[in-house]
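Have a look at the structure below, then the notes.
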Amino acid sequence: MPKTYYLYKSSSNMHGPFSLIASNLNKAILRSSGVYLLAHKTSKGMAILYVGRSENLRQRLNHYIGKYNYFFFKTTETVNGAFFAECREFHRYGKANYLNNRIHPAVPAGTSLPSCSERGCKGEAY
Ligand SMILES: [Zn+2]
């Protein structure tokens, strides 16, 4: 059964959408840690297909060129902050049921953070 996806929600409060092409990844701000959404355009709006985070948004987004058409992003001060922001977005867009993500966002290595920032979640994908 093909997946259905949520449309972008303004509550995500992100920059974008931007076309996922190399020239759009040159912005200095993308050298930061943060969270991103990968999207495609539909007649009803931008459908959110994937949620992720990175210590270097530019490097990570570069891997998705040719696979996804659009991205949104939000920078974070810290890697831990990126993890919590990723959890929020992962839940906002319906978790693995409504995203191409197969697993719940992983706790940053070497930290003792809880498995999710969302109440009642123990890190399950669905
Ligand atoms: Zn969770």
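Labeling convention for the structure tokens: chains A, B, ... as they appear, residues from 1 per chain, ligands from 1 in order of appearance.
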
Produce as a compact mmCIF listing (two decimals) with C-alpha atoms, in the first residue's frame the set of residues near ligand 1, where near means within 7 Å with only C-alpha atoms and all ligand atoms considered.
```
# COMPACT_ATOMS: atom_id res chain seq x y z
CA CYS A 87 11.81 13.99 17.57
CA HIS A 91 6.01 12.91 15.62
CA HIS A 104 12.71 6.49 15.38
CA CYS A 116 12.48 10.82 22.83
CA SER A 117 11.47 14.37 23.73
CA GLU A 118 7.78 13.61 23.24
CA CYS A 121 7.20 7.86 23.59
CA LYS A 122 9.81 5.21 24.31
CA GLY A 123 11.49 5.52 20.96
CA GLU A 124 9.17 3.30 18.94
```

Note to self: Applying 8 Å and only C-alpha atoms, which residues near range 7-17 of chain A remain after dropping the ones on its own chain fewer than 4 positions away? List them as an NGL selection string.
What the structure shows: :A and (44-48 or 70-74 or 89)

Keeping only C-alpha atoms, write the selected residues as a PDB file, in the first residue's frame.
```
ATOM      1  CA  LYS A  44      -2.235  20.535  -2.346  1.00  0.00           C
ATOM      2  CA  GLY A  45       1.113  21.674  -0.974  1.00  0.00           C
ATOM      3  CA  MET A  46       4.500  20.317   0.071  1.00  0.00           C
ATOM      4  CA  ALA A  47       4.264  16.693   1.213  1.00  0.00           C
ATOM      5  CA  ILE A  48       6.802  15.792   3.912  1.00  0.00           C
ATOM      6  CA  TYR A  70      12.762  19.941  -1.891  1.00  0.00           C
ATOM      7  CA  PHE A  71      13.973  20.563   1.638  1.00  0.00           C
ATOM      8  CA  PHE A  72      13.147  22.639   4.674  1.00  0.00           C
ATOM      9  CA  PHE A  73      15.545  23.182   7.555  1.00  0.00           C
ATOM     10  CA  LYS A  74      16.009  24.700  10.980  1.00  0.00           C
ATOM     11  CA  GLU A  89       9.133  16.743  13.632  1.00  0.00           C
TER      12      GLU A  89
END
```

Notebook entry, point to check: Which one of A:Ala106, A:Ala125, A:Leu57, A:Leu99 sits closest to Ser33 in chain A if you count only C-alpha atoms?
Noted result: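 Nearest to Ser33 in chain A: A:Leu57.
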
Notebook entry, point to check: Using only C-alpha atoms, which residue out of A:Arg58, A:Gly34, A:Leu49, A:Ser23 lies closest to Tyr5 in chain A?
Noted result: A:Leu49

Checklist line | Closest of A:Gly66, A:Gly52, A:Gly110, A:Gly81 to Lys95 in chain A - atom-to-atom distances counting only C-alpha atoms | finding: A:Gly52

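Each of A:Glu86, A:Asn69, A:Phe18, A:Glu77 was compared to Val35 in chain A using only C-alpha atoms, and A:Glu86 turns out to be the nearest.
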
Item checked: One-decimal distance in Å that lies between CA of Val51 in chain A and CA of Asn101 in chain A ->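 CA of Val51 in chain A lies at a distance of 7.0 Å from CA of Asn101 in chain A.
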
Next item on the list: Step one, run DSSP on the backbone; step two, keep only residues of range 5-87 of chain A assigned to strand (DSSP E or B); then write them as a count of residues only.
Entry: 33
